[in-house]
Amino acid sequence: MSATTATIPERALARGSAYRTVVAPIVLGVAMLGLWQGVVDGFGIEQYIVPTPTDIWHEITDNLGSIVDGSVSTGVNALIGLVVGALVGILGAIIAGVWRIFDTIVAPLVAALAVMPIVALAPVLYTMYGADKETARQIVAAVAVIVPVYINTLRGLRQVRPVHRDLMRVYAASARQQQFAVTLPTAAPYVFTGLRVASSLAVISALIAEYFGGPIGGLGKSITSSAASSNYALAWAYVFGAIVLGLVFYCAALAVEMFFTRHRSTP
Amino acid sequence: MSSAVEVRAVSRTFGGRKGASVTALESVDLSVAPGEFVSLIGPSGCGKSTLLRLIADLDTPTSGELSVFGKPARQARVDQDYGIAFQQAGLLPWKTVTGNIELPLALHGVGRSERKARVSELLELIGLTDFAGHYPDQLSGGMQQRVAIARALAESPKLLLMDEPFGALDEMTRERMQNELVRICAETQAAVVFVTHSIPEAVFLSDRVVVMSPRPGRITDVIDVSLGGPAERDDSLREDEAFFRGVAKVREALHGVPVAGARGVDTR
Ligand SMILES: Nc1ncnc2c1ncn2[C@@H]1O[C@H](COP(=O)(O)OP(=O)(O)OP(=O)(O)O)[C@@H](O)[C@H]1O
Ligand SMILES: [Mg+2]
């Protein structure tokens with residue numbers, strides 16, 4: 001009889017576990033780094049085979065400017081892709097929520113997009129939009145974002161509780177009023193879940209798209225070019241930049257999600 | 001003046017798959033006068049919620065006729081002639097107490113200042129003035145229920161429909177809410193159709209108690225209790241001889257023993 005809808009990342013939102021959520025991974029990470037350093041030093045493995053964390057750290061500090069510039073370049077592409085993709089995904093879901101037929105029509109397309117590695121489009125897009133432009137990367141990021149946002153939003157739009165639907169009928173609310181008073185607010189937490197998933201995808205897609213061509217300056221290009229010149233420690237330094245960039249996107253999305261879902265625990 | 005609710009020979013059958021259908025209500029007749037408090041009581045599944053939903057036009061009868069203030073139920077709903085409180089409070093979790101109470105007013109285009117005035121009146125009525133800016137998840141179950149009642153009262157309806165609004169409350173809160181409801185009804189002069197599982201609650205609040213039986217859902221008895229005006233309905237009434245007599249009458253009716261003087265419809 002209860003119509004509670006467990007939404008959102010309850011693990012991340014549960015108050016008591018916030019400490020554990022943060023501390024446990026850090027402890028693990030530090031232990032892994034220590035092990036890595038120990039093994040490489042202990043076995044005398046050459047730097048060009050596997051660099052140690054300290055080697056990488058030196059490259060990071062020496063090339064900080066370039067890493068930051070690369071992160072900004074890749075980050076801007078990811079952000080544009082995220083915003084555009086999210087808008088398309090949300091609007092599409094709202095249309096599909098109102099007209100079921102639209103959902104039926106686009107379902108195969110969504111399924112195709114969901115299983116296709118979007119970056120595979122990159123070479124085609126470079127040819128279409130020009131290899132000297134960032135457009136292809138932004139499109140790749142946007143397309144990667146659309147699917148999770150669309151699916152989550154549509155799911156959210158269908159979670160309206162029967163008692164709320166009855167309430168709208170009692171008030172003789174118009175379809176438009178119902179949409180704004182109940183349907184969209186109900187879907188909001190799901191939209192943010194979709195955005196959180198999409199935020200990482202946007203960064204990964206924008207970065208990988210750089211592997212297939214386009215202008216230099218981004219993190220992806222820097223990783224490939226340093227690896228190509230056998231400067232593995234530097235390549236790892238750029239990978240570190242990519243990790244930080246991904247984390248920034250994810251944490252920002254998580255913070256927004258937590259803010260907008262703070263009162264959703266009880267009916 | 002026409003009666004607040006007029007139910008004539010109403011049946012509601014829910015068609016299941018493979019011909020298995022449930023007769024939730026069978027030829028039910030009921031009339032509620034303006035300002036009258038009527039409780040529906042009966043075992044689980046006897047069609048109390050179904051009847052309430054039919055009156056509210058949240059569902060339509062399979063046969064029979066229903067009118068609210070002399071209009072078809074649908075028209076009464078569109079005209080906002082009634083307020084309703086569900087068993088679950090059904091508050092919008094993303095809105096504050098104020099936002100929830102003013103929801104019907106906002107949907108019906110009532111201006112900001114007028115809304116504000118009405119909400120502060122209602123907050124006073126339910127005793128939650130200090131919680132105007134709280135969200136539902138920051139309130140106890142009883143407080144949420146009071147907010148839902150305030151929301152139902154927002155447009156000063158002449159008819160209140162309530163489906164076990166106090167079902168989830170503890171006995172003490174429940175009795176306090178009953179006292180408040182008596183006071184609210186006296187102030188607003190609204191007719192009430194009140195679904196409950198509690199015999200004492202029905203007797204304490206009602207002018208008449210409608211006793212129902214399940215499978216198929218029917219009205220088996222209508223018992224006049226009328227324990228006096230709102231002034232006399234306070235906690236001392238709960239220990240009054242007349243109150244106990246009312247409780248005994250309803251209990252007998254529920255258990256199928258015919259009671260002298262009551263209008264038994266069909267005791268089978
Ligand atoms: N939407 C529906 N579809 C099918 N059957 C239904 C539906 N709603 C109610 N029923 C059936 O109608 C009968 C009456 O249900 P109703 O909810 O009115 O009972 P109730 O008297 O309110 O019970 P309770 O006291 O447990 O709330 C039940 O047998 C139920 O299974
Ligand atoms: Mg019920």
# chains A, B, ... in the order shown; residues from 1 in each chain; ligands from 1
>>> residues_near_ligand(ligand="ligand 1", cutoff="12 Å", atoms="only C-alpha atoms and all ligand atoms", output="PDB file with N, CA, C and O atoms, in the first residue's frame")
ATOM      1  N   MET A   1       0.834  -1.206   0.000  1.00  0.00           N
ATOM      2  CA  MET A   1       0.000   0.000   0.000  1.00  0.00           C
ATOM      3  C   MET A   1       0.863   1.247   0.000  1.00  0.00           C
ATOM      4  O   MET A   1       0.507   2.264  -0.548  1.00  0.00           O
ATOM      5  N   PRO A 162      -0.060   8.008  -6.926  1.00  0.00           N
ATOM      6  CA  PRO A 162      -1.501   8.047  -7.207  1.00  0.00           C
ATOM      7  C   PRO A 162      -2.223   9.104  -6.373  1.00  0.00           C
ATOM      8  O   PRO A 162      -3.124   9.774  -6.878  1.00  0.00           O
TER       9      PRO A 162
ATOM     10  N   SER B  11     -24.084   1.389  -7.417  1.00  0.00           N
ATOM     11  CA  SER B  11     -23.262   0.179  -7.388  1.00  0.00           C
ATOM     12  C   SER B  11     -21.952   0.462  -8.092  1.00  0.00           C
ATOM     13  O   SER B  11     -21.894   1.296  -8.990  1.00  0.00           O
ATOM     14  N   ARG B  12     -20.915  -0.236  -7.642  1.00  0.00           N
ATOM     15  CA  ARG B  12     -19.629  -0.114  -8.327  1.00  0.00           C
ATOM     16  C   ARG B  12     -19.016  -1.495  -8.396  1.00  0.00           C
ATOM     17  O   ARG B  12     -18.775  -2.147  -7.372  1.00  0.00           O
ATOM     18  N   THR B  13     -18.805  -1.961  -9.604  1.00  0.00           N
ATOM     19  CA  THR B  13     -18.190  -3.270  -9.808  1.00  0.00           C
ATOM     20  C   THR B  13     -16.861  -3.071 -10.504  1.00  0.00           C
ATOM     21  O   THR B  13     -16.777  -2.349 -11.499  1.00  0.00           O
ATOM     22  N   PHE B  14     -15.827  -3.653  -9.928  1.00  0.00           N
ATOM     23  CA  PHE B  14     -14.519  -3.586 -10.574  1.00  0.00           C
ATOM     24  C   PHE B  14     -14.343  -4.841 -11.404  1.00  0.00           C
ATOM     25  O   PHE B  14     -14.401  -5.949 -10.867  1.00  0.00           O
ATOM     26  N   GLY B  15     -14.168  -4.695 -12.694  1.00  0.00           N
ATOM     27  CA  GLY B  15     -13.988  -5.838 -13.556  1.00  0.00           C
ATOM     28  C   GLY B  15     -12.558  -6.341 -13.491  1.00  0.00           C
ATOM     29  O   GLY B  15     -11.637  -5.596 -13.794  1.00  0.00           O
ATOM     30  N   GLY B  16     -12.420  -7.582 -13.058  1.00  0.00           N
ATOM     31  CA  GLY B  16     -11.085  -8.167 -13.059  1.00  0.00           C
ATOM     32  C   GLY B  16     -10.861  -8.878 -14.375  1.00  0.00           C
ATOM     33  O   GLY B  16     -11.760  -8.955 -15.207  1.00  0.00           O
ATOM     34  N   ARG B  17      -9.680  -9.408 -14.585  1.00  0.00           N
ATOM     35  CA  ARG B  17      -9.429 -10.175 -15.799  1.00  0.00           C
ATOM     36  C   ARG B  17     -10.077 -11.549 -15.696  1.00  0.00           C
ATOM     37  O   ARG B  17     -10.348 -12.032 -14.616  1.00  0.00           O
ATOM     38  N   ALA B  20     -13.396 -12.378 -13.480  1.00  0.00           N
ATOM     39  CA  ALA B  20     -13.439 -12.272 -12.024  1.00  0.00           C
ATOM     40  C   ALA B  20     -13.668 -10.820 -11.642  1.00  0.00           C
ATOM     41  O   ALA B  20     -12.770 -10.011 -11.729  1.00  0.00           O
ATOM     42  N   SER B  21     -14.896 -10.496 -11.254  1.00  0.00           N
ATOM     43  CA  SER B  21     -15.165  -9.104 -10.919  1.00  0.00           C
ATOM     44  C   SER B  21     -15.536  -8.970  -9.444  1.00  0.00           C
ATOM     45  O   SER B  21     -16.039  -9.901  -8.827  1.00  0.00           O
ATOM     46  N   VAL B  22     -15.226  -7.814  -8.888  1.00  0.00           N
ATOM     47  CA  VAL B  22     -15.492  -7.545  -7.482  1.00  0.00           C
ATOM     48  C   VAL B  22     -16.607  -6.508  -7.380  1.00  0.00           C
ATOM     49  O   VAL B  22     -16.506  -5.439  -7.968  1.00  0.00           O
ATOM     50  N   THR B  23     -17.638  -6.845  -6.651  1.00  0.00           N
ATOM     51  CA  THR B  23     -18.688  -5.860  -6.410  1.00  0.00           C
ATOM     52  C   THR B  23     -18.329  -5.093  -5.145  1.00  0.00           C
ATOM     53  O   THR B  23     -18.544  -5.561  -4.033  1.00  0.00           O
ATOM     54  N   ALA B  24     -17.742  -3.926  -5.324  1.00  0.00           N
ATOM     55  CA  ALA B  24     -17.280  -3.145  -4.175  1.00  0.00           C
ATOM     56  C   ALA B  24     -18.463  -2.484  -3.468  1.00  0.00           C
ATOM     57  O   ALA B  24     -18.470  -2.344  -2.249  1.00  0.00           O
ATOM     58  N   LEU B  25     -19.471  -2.097  -4.238  1.00  0.00           N
ATOM     59  CA  LEU B  25     -20.664  -1.472  -3.651  1.00  0.00           C
ATOM     60  C   LEU B  25     -21.887  -2.003  -4.382  1.00  0.00           C
ATOM     61  O   LEU B  25     -21.860  -2.166  -5.603  1.00  0.00           O
ATOM     62  N   GLU B  26     -22.963  -2.273  -3.609  1.00  0.00           N
ATOM     63  CA  GLU B  26     -24.183  -2.717  -4.258  1.00  0.00           C
ATOM     64  C   GLU B  26     -25.372  -1.931  -3.749  1.00  0.00           C
ATOM     65  O   GLU B  26     -25.633  -1.890  -2.551  1.00  0.00           O
ATOM     66  N   LEU B  40     -18.610   6.694   7.968  1.00  0.00           N
ATOM     67  CA  LEU B  40     -18.769   5.382   7.349  1.00  0.00           C
ATOM     68  C   LEU B  40     -17.871   4.423   8.102  1.00  0.00           C
ATOM     69  O   LEU B  40     -16.678   4.682   8.271  1.00  0.00           O
ATOM     70  N   ILE B  41     -18.467   3.323   8.584  1.00  0.00           N
ATOM     71  CA  ILE B  41     -17.658   2.361   9.328  1.00  0.00           C
ATOM     72  C   ILE B  41     -17.993   0.960   8.838  1.00  0.00           C
ATOM     73  O   ILE B  41     -19.107   0.701   8.394  1.00  0.00           O
ATOM     74  N   GLY B  42     -17.031   0.085   8.896  1.00  0.00           N
ATOM     75  CA  GLY B  42     -17.258  -1.278   8.427  1.00  0.00           C
ATOM     76  C   GLY B  42     -15.936  -1.984   8.251  1.00  0.00           C
ATOM     77  O   GLY B  42     -14.891  -1.346   8.202  1.00  0.00           O
ATOM     78  N   PRO B  43     -15.984  -3.315   8.143  1.00  0.00           N
ATOM     79  CA  PRO B  43     -14.741  -4.069   8.022  1.00  0.00           C
ATOM     80  C   PRO B  43     -13.981  -3.706   6.749  1.00  0.00           C
ATOM     81  O   PRO B  43     -14.554  -3.161   5.807  1.00  0.00           O
ATOM     82  N   SER B  44     -12.720  -4.026   6.755  1.00  0.00           N
ATOM     83  CA  SER B  44     -11.854  -3.723   5.619  1.00  0.00           C
ATOM     84  C   SER B  44     -12.417  -4.331   4.339  1.00  0.00           C
ATOM     85  O   SER B  44     -12.878  -5.467   4.335  1.00  0.00           O
ATOM     86  N   GLY B  45     -12.414  -3.552   3.284  1.00  0.00           N
ATOM     87  CA  GLY B  45     -12.852  -4.054   1.991  1.00  0.00           C
ATOM     88  C   GLY B  45     -14.346  -3.940   1.744  1.00  0.00           C
ATOM     89  O   GLY B  45     -14.855  -4.487   0.775  1.00  0.00           O
ATOM     90  N   CYS B  46     -15.075  -3.217   2.626  1.00  0.00           N
ATOM     91  CA  CYS B  46     -16.523  -3.123   2.446  1.00  0.00           C
ATOM     92  C   CYS B  46     -16.908  -1.961   1.533  1.00  0.00           C
ATOM     93  O   CYS B  46     -18.081  -1.713   1.316  1.00  0.00           O
ATOM     94  N   GLY B  47     -15.934  -1.257   1.014  1.00  0.00           N
ATOM     95  CA  GLY B  47     -16.248  -0.244   0.006  1.00  0.00           C
ATOM     96  C   GLY B  47     -16.337   1.182   0.518  1.00  0.00           C
ATOM     97  O   GLY B  47     -16.852   2.057  -0.169  1.00  0.00           O
ATOM     98  N   LYS B  48     -15.799   1.440   1.700  1.00  0.00           N
ATOM     99  CA  LYS B  48     -15.862   2.799   2.259  1.00  0.00           C
ATOM    100  C   LYS B  48     -15.089   3.787   1.380  1.00  0.00           C
ATOM    101  O   LYS B  48     -15.608   4.834   1.007  1.00  0.00           O
ATOM    102  N   SER B  49     -13.840   3.422   1.074  1.00  0.00           N
ATOM    103  CA  SER B  49     -13.031   4.311   0.231  1.00  0.00           C
ATOM    104  C   SER B  49     -13.658   4.455  -1.142  1.00  0.00           C
ATOM    105  O   SER B  49     -13.655   5.543  -1.726  1.00  0.00           O
ATOM    106  N   THR B  50     -14.194   3.353  -1.653  1.00  0.00           N
ATOM    107  CA  THR B  50     -14.824   3.399  -2.969  1.00  0.00           C
ATOM    108  C   THR B  50     -15.972   4.402  -2.972  1.00  0.00           C
ATOM    109  O   THR B  50     -16.085   5.227  -3.884  1.00  0.00           O
ATOM    110  N   LEU B  51     -16.800   4.361  -1.937  1.00  0.00           N
ATOM    111  CA  LEU B  51     -17.931   5.283  -1.851  1.00  0.00           C
ATOM    112  C   LEU B  51     -17.446   6.731  -1.797  1.00  0.00           C
ATOM    113  O   LEU B  51     -17.966   7.605  -2.489  1.00  0.00           O
ATOM    114  N   LEU B  52     -16.406   6.954  -1.004  1.00  0.00           N
ATOM    115  CA  LEU B  52     -15.871   8.311  -0.876  1.00  0.00           C
ATOM    116  C   LEU B  52     -15.311   8.810  -2.210  1.00  0.00           C
ATOM    117  O   LEU B  52     -15.515   9.960  -2.598  1.00  0.00           O
ATOM    118  N   ARG B  53     -14.629   7.911  -2.910  1.00  0.00           N
ATOM    119  CA  ARG B  53     -14.045   8.287  -4.200  1.00  0.00           C
ATOM    120  C   ARG B  53     -15.128   8.566  -5.240  1.00  0.00           C
ATOM    121  O   ARG B  53     -14.953   9.405  -6.115  1.00  0.00           O
ATOM    122  N   LEU B  54     -16.251   7.857  -5.116  1.00  0.00           N
ATOM    123  CA  LEU B  54     -17.359   8.116  -6.034  1.00  0.00           C
ATOM    124  C   LEU B  54     -17.937   9.508  -5.781  1.00  0.00           C
ATOM    125  O   LEU B  54     -18.215  10.259  -6.711  1.00  0.00           O
ATOM    126  N   LEU B  58     -13.635  10.801  -8.169  1.00  0.00           N
ATOM    127  CA  LEU B  58     -12.336  10.226  -8.526  1.00  0.00           C
ATOM    128  C   LEU B  58     -12.571   8.871  -9.183  1.00  0.00           C
ATOM    129  O   LEU B  58     -11.644   8.200  -9.615  1.00  0.00           O
ATOM    130  N   ASP B  59     -13.836   8.472  -9.231  1.00  0.00           N
ATOM    131  CA  ASP B  59     -14.234   7.194  -9.794  1.00  0.00           C
ATOM    132  C   ASP B  59     -15.706   7.374 -10.183  1.00  0.00           C
ATOM    133  O   ASP B  59     -16.369   8.267  -9.652  1.00  0.00           O
ATOM    134  N   THR B  60     -16.210   6.537 -11.107  1.00  0.00           N
ATOM    135  CA  THR B  60     -17.613   6.680 -11.495  1.00  0.00           C
ATOM    136  C   THR B  60     -18.375   5.400 -11.193  1.00  0.00           C
ATOM    137  O   THR B  60     -17.828   4.309 -11.326  1.00  0.00           O
ATOM    138  N   PRO B  61     -19.648   5.535 -10.778  1.00  0.00           N
ATOM    139  CA  PRO B  61     -20.420   4.339 -10.424  1.00  0.00           C
ATOM    140  C   PRO B  61     -20.759   3.513 -11.660  1.00  0.00           C
ATOM    141  O   PRO B  61     -20.858   4.050 -12.760  1.00  0.00           O
ATOM    142  N   PHE B  86      -6.971  12.566   2.300  1.00  0.00           N
ATOM    143  CA  PHE B  86      -6.796  11.136   2.077  1.00  0.00           C
ATOM    144  C   PHE B  86      -6.190  10.468   3.307  1.00  0.00           C
ATOM    145  O   PHE B  86      -5.702  11.140   4.217  1.00  0.00           O
ATOM    146  N   GLN B  87      -6.177   9.132   3.274  1.00  0.00           N
ATOM    147  CA  GLN B  87      -5.583   8.403   4.391  1.00  0.00           C
ATOM    148  C   GLN B  87      -4.103   8.729   4.537  1.00  0.00           C
ATOM    149  O   GLN B  87      -3.610   8.991   5.626  1.00  0.00           O
ATOM    150  N   GLN B  88      -3.391   8.721   3.398  1.00  0.00           N
ATOM    151  CA  GLN B  88      -2.020   9.238   3.432  1.00  0.00           C
ATOM    152  C   GLN B  88      -2.142  10.740   3.284  1.00  0.00           C
ATOM    153  O   GLN B  88      -2.951  11.207   2.491  1.00  0.00           O
ATOM    154  N   MET B 162     -13.306  12.783   4.158  1.00  0.00           N
ATOM    155  CA  MET B 162     -12.091  12.378   4.860  1.00  0.00           C
ATOM    156  C   MET B 162     -12.011  10.858   4.947  1.00  0.00           C
ATOM    157  O   MET B 162     -12.897  10.204   5.475  1.00  0.00           O
ATOM    158  N   ASP B 163     -10.918  10.317   4.418  1.00  0.00           N
ATOM    159  CA  ASP B 163     -10.728   8.863   4.416  1.00  0.00           C
ATOM    160  C   ASP B 163      -9.701   8.481   5.475  1.00  0.00           C
ATOM    161  O   ASP B 163      -8.498   8.624   5.264  1.00  0.00           O
ATOM    162  N   GLU B 164     -10.194   7.993   6.602  1.00  0.00           N
ATOM    163  CA  GLU B 164      -9.317   7.595   7.711  1.00  0.00           C
ATOM    164  C   GLU B 164      -8.178   8.588   7.928  1.00  0.00           C
ATOM    165  O   GLU B 164      -7.009   8.194   7.931  1.00  0.00           O
ATOM    166  N   PRO B 165      -8.508   9.851   8.127  1.00  0.00           N
ATOM    167  CA  PRO B 165      -7.419  10.840   8.223  1.00  0.00           C
ATOM    168  C   PRO B 165      -6.562  10.643   9.468  1.00  0.00           C
ATOM    169  O   PRO B 165      -5.416  11.068   9.489  1.00  0.00           O
ATOM    170  N   GLY B 167      -5.952   7.610  10.818  1.00  0.00           N
ATOM    171  CA  GLY B 167      -5.631   6.186  10.890  1.00  0.00           C
ATOM    172  C   GLY B 167      -4.233   5.910  11.408  1.00  0.00           C
ATOM    173  O   GLY B 167      -4.005   4.942  12.125  1.00  0.00           O
ATOM    174  N   PHE B 194     -16.988  10.959   6.722  1.00  0.00           N
ATOM    175  CA  PHE B 194     -15.764  10.605   7.424  1.00  0.00           C
ATOM    176  C   PHE B 194     -15.633   9.084   7.477  1.00  0.00           C
ATOM    177  O   PHE B 194     -16.475   8.405   8.053  1.00  0.00           O
ATOM    178  N   VAL B 195     -14.586   8.556   6.873  1.00  0.00           N
ATOM    179  CA  VAL B 195     -14.355   7.112   6.908  1.00  0.00           C
ATOM    180  C   VAL B 195     -13.465   6.779   8.094  1.00  0.00           C
ATOM    181  O   VAL B 195     -12.465   7.460   8.330  1.00  0.00           O
ATOM    182  N   THR B 196     -13.837   5.765   8.841  1.00  0.00           N
ATOM    183  CA  THR B 196     -13.003   5.378   9.984  1.00  0.00           C
ATOM    184  C   THR B 196     -13.146   3.894  10.288  1.00  0.00           C
ATOM    185  O   THR B 196     -14.096   3.238   9.864  1.00  0.00           O
ATOM    186  N   HIS B 197     -12.183   3.365  11.007  1.00  0.00           N
ATOM    187  CA  HIS B 197     -12.251   1.985  11.497  1.00  0.00           C
ATOM    188  C   HIS B 197     -12.574   1.965  12.979  1.00  0.00           C
ATOM    189  O   HIS B 197     -12.740   0.907  13.567  1.00  0.00           O
ATOM    190  N   SER B 198     -12.609   3.146  13.586  1.00  0.00           N
ATOM    191  CA  SER B 198     -12.730   3.208  15.039  1.00  0.00           C
ATOM    192  C   SER B 198     -14.159   3.551  15.444  1.00  0.00           C
ATOM    193  O   SER B 198     -14.701   4.596  15.071  1.00  0.00           O
ATOM    194  N   VAL B 211     -23.191   2.066   8.949  1.00  0.00           N
ATOM    195  CA  VAL B 211     -22.486   0.792   9.120  1.00  0.00           C
ATOM    196  C   VAL B 211     -22.578   0.002   7.828  1.00  0.00           C
ATOM    197  O   VAL B 211     -23.643  -0.150   7.254  1.00  0.00           O
ATOM    198  N   MET B 212     -21.419  -0.466   7.365  1.00  0.00           N
ATOM    199  CA  MET B 212     -21.387  -1.190   6.095  1.00  0.00           C
ATOM    200  C   MET B 212     -20.896  -2.610   6.279  1.00  0.00           C
ATOM    201  O   MET B 212     -20.219  -2.927   7.247  1.00  0.00           O
ATOM    202  N   SER B 213     -21.269  -3.487   5.333  1.00  0.00           N
ATOM    203  CA  SER B 213     -20.783  -4.865   5.372  1.00  0.00           C
ATOM    204  C   SER B 213     -20.165  -5.203   4.021  1.00  0.00           C
ATOM    205  O   SER B 213     -20.555  -4.627   3.008  1.00  0.00           O
ATOM    206  N   PRO B 214     -19.215  -6.122   4.016  1.00  0.00           N
ATOM    207  CA  PRO B 214     -18.486  -6.396   2.777  1.00  0.00           C
ATOM    208  C   PRO B 214     -19.126  -7.479   1.900  1.00  0.00           C
ATOM    209  O   PRO B 214     -19.982  -8.210   2.351  1.00  0.00           O
ATOM    210  N   ARG B 215     -18.622  -7.542   0.670  1.00  0.00           N
ATOM    211  CA  ARG B 215     -18.905  -8.623  -0.289  1.00  0.00           C
ATOM    212  C   ARG B 215     -20.351  -8.998  -0.392  1.00  0.00           C
ATOM    213  O   ARG B 215     -20.740 -10.028   0.131  1.00  0.00           O
ATOM    214  N   PRO B 216     -21.176  -8.345  -1.081  1.00  0.00           N
ATOM    215  CA  PRO B 216     -20.862  -7.051  -1.698  1.00  0.00           C
ATOM    216  C   PRO B 216     -21.026  -5.918  -0.697  1.00  0.00           C
ATOM    217  O   PRO B 216     -21.747  -6.068   0.281  1.00  0.00           O
ATOM    218  N   GLY B 217     -20.341  -4.809  -0.930  1.00  0.00           N
ATOM    219  CA  GLY B 217     -20.408  -3.683  -0.005  1.00  0.00           C
ATOM    220  C   GLY B 217     -21.809  -3.079   0.039  1.00  0.00           C
ATOM    221  O   GLY B 217     -22.367  -2.700  -0.979  1.00  0.00           O
ATOM    222  N   ARG B 218     -22.400  -3.083   1.232  1.00  0.00           N
ATOM    223  CA  ARG B 218     -23.732  -2.500   1.391  1.00  0.00           C
ATOM    224  C   ARG B 218     -23.802  -1.731   2.689  1.00  0.00           C
ATOM    225  O   ARG B 218     -23.018  -1.968   3.599  1.00  0.00           O
ATOM    226  N   ILE B 219     -24.835  -0.882   2.771  1.00  0.00           N
ATOM    227  CA  ILE B 219     -25.113  -0.215   4.043  1.00  0.00           C
ATOM    228  C   ILE B 219     -26.074  -1.104   4.804  1.00  0.00           C
ATOM    229  O   ILE B 219     -27.150  -1.440   4.308  1.00  0.00           O
TER     230      ILE B 219
END
>>> closest_atom_pairs(of="chain A", to="chain B", cutoff="10 Å", atoms="only C-alpha atoms", output="CSV")
residue,atom,partner,partner_atom,distance
A:Ser2,CA,B:Gln88,CA,8.9
A:Ala3,CA,B:Gln88,CA,9.7
A:Arg161,CA,B:Gly90,CA,8.6
A:Pro162,CA,B:Gly90,CA,9.2
A:Val163,CA,B:Gly90,CA,5.9
A:His164,CA,B:Gly90,CA,6.4
A:Arg165,CA,B:Gly90,CA,9.9
A:Asp166,CA,B:Leu58,CA,6.8
A:Leu167,CA,B:Gly90,CA,8.1
A:Met168,CA,B:Pro104,CA,9.0
A:Arg169,CA,B:Leu58,CA,7.2
A:Val170,CA,B:Arg77,CA,6.3
A:Tyr171,CA,B:Pro104,CA,6.4
A:Ala172,CA,B:Val78,CA,5.6
A:Ala173,CA,B:Leu107,CA,6.9
A:Ser174,CA,B:Leu107,CA,9.1
A:Gln177,CA,B:Leu107,CA,7.2
A:Gln178,CA,B:Leu107,CA,9.3
A:Ala181,CA,B:Leu107,CA,8.5
A:Val182,CA,B:Leu92,CA,7.8
A:Pro185,CA,B:Trp94,CA,7.3
A:Thr186,CA,B:Trp94,CA,8.5
A:Ala188,CA,B:Trp94,CA,10.0
A:Phe260,CA,B:Trp94,CA,8.7
A:Thr261,CA,B:Trp94,CA,8.2
A:Arg262,CA,B:Trp94,CA,8.8
A:His263,CA,B:Asp137,CA,6.1
A:Arg264,CA,B:Pro93,CA,5.8
A:Ser265,CA,B:Asp137,CA,6.3
A:Thr266,CA,B:Asp137,CA,5.2
A:Pro267,CA,B:Pro93,CA,5.9
>>> select_by_dssp(residues="region 46-256 of chain A", states="helix (DSSP H, G or I)", output="JSON, numbers by chain")
{"A": [53, 54, 55, 56, 57, 58, 59, 60, 61, 62, 64, 65, 66, 67, 68, 69, 70, 71, 72, 73, 74, 75, 76, 77, 78, 79, 80, 81, 82, 83, 84, 85, 86, 87, 88, 89, 90, 91, 92, 93, 94, 95, 96, 97, 98, 100, 101, 102, 103, 104, 105, 106, 107, 108, 109, 110, 111, 112, 113, 114, 115, 118, 119, 120, 121, 122, 123, 124, 125, 126, 127, 128, 129, 135, 136, 137, 138, 139, 140, 141, 142, 143, 144, 145, 146, 147, 148, 149, 150, 151, 152, 153, 154, 155, 156, 157, 162, 163, 164, 165, 166, 167, 168, 169, 170, 175, 176, 177, 178, 179, 180, 181, 182, 183, 184, 185, 186, 187, 188, 189, 190, 191, 192, 193, 194, 195, 196, 197, 198, 199, 200, 201, 202, 203, 204, 205, 206, 207, 208, 209, 210, 211, 219, 220, 221, 222, 223, 224, 225, 226, 227, 228, 232, 233, 234, 235, 236, 237, 238, 239, 240, 241, 242, 243, 244, 245, 246, 247, 248, 249, 250, 251, 252, 253, 254, 255, 256]}
>>> select_by_dssp(residues="region 28-223 of chain B", states="strand (DSSP E)", output="PyMOL selection string")
chain B and resi 28-32+37-41+63-68+71-72+82-85+159-163+191-196+208-213+218-223
>>> write_last_selection(atoms="C-alpha atoms", output="compact mmCIF listing (two decimals), in the first residue's frame")
# COMPACT_ATOMS: atom_id res chain seq x y z
CA VAL B 28 -26.13 1.99 -1.79
CA ASP B 29 -28.45 4.81 -0.71
CA LEU B 30 -27.21 7.66 1.44
CA SER B 31 -28.14 11.24 1.98
CA VAL B 32 -26.09 13.75 3.92
CA PHE B 37 -21.37 14.82 10.13
CA VAL B 38 -21.70 11.28 8.81
CA SER B 39 -19.21 8.49 9.46
CA LEU B 40 -18.77 5.38 7.35
CA ILE B 41 -17.66 2.36 9.33
CA SER B 63 -24.95 2.13 -11.95
CA GLY B 64 -27.03 4.49 -9.86
CA GLU B 65 -26.99 8.22 -9.33
CA LEU B 66 -24.89 10.54 -7.27
CA SER B 67 -25.28 14.22 -6.65
CA VAL B 68 -23.40 16.74 -4.56
CA LYS B 71 -25.25 18.78 -9.06
CA PRO B 72 -23.64 15.80 -10.72
CA TYR B 82 -15.70 19.83 -1.55
CA GLY B 83 -12.35 19.46 0.18
CA ILE B 84 -10.77 16.06 0.63
CA ALA B 85 -8.20 14.52 2.97
CA LEU B 159 -18.43 19.51 2.20
CA LEU B 160 -15.42 17.68 3.63
CA LEU B 161 -14.53 14.15 2.56
CA MET B 162 -12.09 12.38 4.86
CA ASP B 163 -10.73 8.86 4.42
CA ALA B 191 -20.93 18.73 6.06
CA VAL B 192 -18.52 15.85 6.57
CA VAL B 193 -18.32 12.31 5.24
CA PHE B 194 -15.76 10.61 7.42
CA VAL B 195 -14.35 7.11 6.91
CA THR B 196 -13.00 5.38 9.98
CA ARG B 208 -25.07 9.60 12.14
CA VAL B 209 -22.92 6.49 11.78
CA VAL B 210 -23.35 4.46 8.60
CA VAL B 211 -22.49 0.79 9.12
CA MET B 212 -21.39 -1.19 6.09
CA SER B 213 -20.78 -4.86 5.37
CA ARG B 218 -23.73 -2.50 1.39
CA ILE B 219 -25.11 -0.22 4.04
CA THR B 220 -26.54 -2.44 6.76
CA ASP B 221 -27.43 0.17 9.36
CA VAL B 222 -27.62 3.88 9.91
CA ILE B 223 -27.38 4.84 13.56
